[in-house]
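Asker: One structure is given below, represented as structure tokens, and several questions about it will come after.
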Amino acid sequence: MAVGVRHFVKLKLRITANGLRGQTWRVALFVLGTVLAACAAVGGYALFSLPGLLGEQRAAEVALPLAGGLLVLGWLFLPLVFFGVDESLDPARFALLPLPRRTLIRGLFVASLAGVPALATFAGTLGMVDSAARLGGPAAALVEFVGVVTGILLCAAISRSLTSAFATALRSRRARDLATVLLACVAALLGPLQLAALAGAENADWTGVARVADVVAWTPFGAPYSMGLDVAAGRLWAVPVKFVLVLVTIGLLLWWWSATLERAMLGSVGRSGRRERTASARKPVAQLVPGWLPRTRFGALTAREMRYWWRETRRRASLITFSVVGVFLPVFIGVSSGTAGAPTGMLIFVGALAAVSLANQFGFEGSAYAANVVAGVPGRLELTSRVAGFSVYVVPSLLVIAIVVGVAVGRPETIPALVGMLAAAYGVGLALVLPISVRVAYALPDTANPFALSSGGGMAKGLLTFAALFGAALITVPMQLVAFLAHDVWLWVGLPMGLVYGAGALLLGLHLAGPMLDRRMPELLATVTARQ
Amino acid sequence: MTVPHQRLSPDPALALRGLVKRFDTKLAVAGIDLDVPAGSFFGLLGPNGAGKTTTLSMAVGLLRPDAGQARILGYDVWADPAAAKARIGVLPDGVRLFDRLTGTELLAYHGLLRGMDADVVDQRSAELLDVLALGADNRTLVVDYSAGMKKKIGLACAMLHAPRLLVLDEPFEAVDPVSAALIRDILQRYVSGGGTVVFSSHVMAVVERLCSHVAILADGSIRLGGTLAEVRGERSLEDVFVEVVGGRTATGSELAWL
């Protein structure tokens, strides 16, 4: 019997359903995610149908390609930064099956469309069809519908091929280092780019934006979403050209994907990038624990965490992504907004984002955590050492961020207060994230792709990240008020106040999460152990 | 086969009472009672899926039982985990090690985690790496070790703090014959020194060669247990095992297409 696309789709749906079975909180998260996606879809539909309702042909020609282009960009970057890639159908698992590559690619591709994000995107962009229908009648609507369909195909193709290419590139350790940095930089630039677009929209005259939109409409990013409008405007010749443009792009992306996929499937057997290291004459304990740490349980735990943040791809990817985002984002906002004050709100975001890296800290190492359970490591010690090991990397980054931001906005005298703000946000973020990491840990798949998540994990990761960021912003409101209302005082009290605020929150978080961990150790181990 | 001299001890090294574990709808362990005498070399036998790993995980505090008790040298694993866990060394199966450390770092980590003095950790780690032929100056990450080397470093981690009870899940799986012989020697020496070993396996030859006591586990409950001589009787352990577990013997008519 020939294997068709529907087998892949059925397999994907089956895996998703099985992943939810018997896990109440996962079902709840899934439902919540679906509801949010539905809201986004409805909102998108309303937004995209607005130009049509208003009867503004020109507005539609500007808004639709730009919005569509952002959507495609979002599909490209959001999985890398926030959600990870759903690898419930891991290509490596198909390596031994006698499947032609075309069948495999087609199956995996269509299966990747059978998910909440793709459906929500598609439903939202249908609003563009609505617009086209009102502006140019049924013919325009039909063409726009075709455009929207190719648009969602483009989104899926671009996200699949790029993550797969990165995953392949990340297989050898040397390339992995390079690619992680590169990717993190690119991902981090997403925010500034969007903000630049917004700032441009605010400052530049309307015709400038319109010109940009006209150009974007002829790139693969905007082309699918502007086809129907061309019909409405009578530019029928543009439709086949754009259609071919998009199809060729999708074809090239799929071809690229299939090439990297082949390598990914081969790479999954053996070839783990063996690294021979030079022999060390140091004693075992000295090899593990650096001299400035005590040679105790705390020292061992912290030293292991430090090693792991650097040696494990997943952790390193999140560390580097954070560092780059952390520096670029506030600087860009500070410079582009042009107001006198430092970007306080952004710093809260950055500080909390650092802490969010620990939201699934137990998931990173999976079943290896059994060693600590058997040794009976007390919960508070466990969490304290994990925070310490992570902070070895994060605290210097935060200091650098504060200095860079202070200098970039031309207000070096605010640097101590900025450090205080970052410390408060980081401490509060940790306090929120530690209980989360104990209560709602989830297993990560055992693949070489540092961005891979098991089915449903993306939803959990994204929601928890936003919850923690929102919570941190809320809890640091007093700090922000002082900074906003009493600016001169804040310059002086910002640092001590921030340090106390952050440390207090952290202690409270440890106090809360430590006993929680003591009670839940075996359960936590079970949830982070990848099911085989 | 000689049964090692058994020292009289008030408490068994490991005592399980009415352990029950249910996964979703499947009853993985259906009420196990088991006494492992101190100083014994105890083999837990069973086919795949019999519940060996589940039982041992509950015995050492890695998995919370739905009902029942586990006591290690008299200390309740779930009521007084600190005291119980301090006395055991565990080699879990199907569980990752902290494999982004080198073998040496991993040993140092386990030693310090057990609250040992750093100098003692240094000395014992070097000795263990040497005896297990893992190379004291080997800076390869454990993730790049072969399966056999991973078992050996795991065993070294379990023994480093000189526990009175070793619980080993499938210690001989994926181990080459040379390393297996080495591990057998080390374990026999440990038992003759007064330690207790509990290990799971489905390789009869190894069990017959090493164990003083065995228990046969099938479908989540103990089918047969006692000293090796009692269980085996006049027959081979393999015959007893197949009979107890209720294995199916091929008649020759099926799979004719092979």
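Each chain of the structure tokens is named A, B, ... in the order shown, its residues numbered from 1; ligands are numbered from 1 in display order.
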Chain A residues within 9 Å of chain B, counting only C-alpha atoms: which ones, as JSON, numbers by chain?

Answerer: {"A": [22, 272, 273, 274, 275, 276, 277, 278, 279, 280, 281, 282, 283, 284, 285, 286, 287, 288, 289, 295, 296, 297, 298, 299, 300, 301, 303, 304, 307, 308, 311, 312, 365, 366, 367, 368, 369, 370, 371, 372, 373, 374, 375, 376, 377, 521, 522, 523, 525, 526, 529]}

Asker: Would you please give, as an MDAnalysis selection string, all residues of segment 2-136 of chain B that DSSP assigns to strand (DSSP E) based on the backbone?

Answerer: chainID B and resid 14:23 26:36 41:45 67:72 75:76 88:91

Asker: For Ile216 of chain B, which residue out of B:Ala50, B:Val77, B:Ala229, B:Ala30 is the nearest one, using only C-alpha atoms?

Answerer: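 Comparing B:Ala50, B:Val77, B:Ala229, B:Ala30 against Ile216 of chain B, the winner is B:Ala50.
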
Asker: Show which residues sit within 10 Å of Gln480 of chain A, as a list in words. Count only C-alpha atoms, and ignore same-chain residues fewer than 6 positions away.

Answerer: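 The residues that qualify are Thr344, Gly345, Ile348, Met421, Ala473, Leu474, Ala486, Trp490 and Gly494 of chain A.
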
Asker: With C-alpha atoms retained, write the just-selected residues as an mmCIF file, in the first residue's frame.

Answerer:
```cif
data_model
loop_
_atom_site.group_PDB
_atom_site.id
_atom_site.type_symbol
_atom_site.label_atom_id
_atom_site.label_comp_id
_atom_site.auth_asym_id
_atom_site.auth_seq_id
_atom_site.Cartn_x
_atom_site.Cartn_y
_atom_site.Cartn_z
ATOM 1 C CA THR A 344 13.256 51.069 31.947
ATOM 2 C CA GLY A 345 10.423 48.887 30.744
ATOM 3 C CA ILE A 348 12.489 44.781 33.197
ATOM 4 C CA MET A 421 16.450 47.739 37.818
ATOM 5 C CA ALA A 473 6.530 43.437 35.074
ATOM 6 C CA LEU A 474 3.635 43.513 37.531
ATOM 7 C CA ALA A 486 11.085 60.547 41.325
ATOM 8 C CA TRP A 490 15.979 57.078 41.596
ATOM 9 C CA GLY A 494 17.950 52.689 42.221
#
```
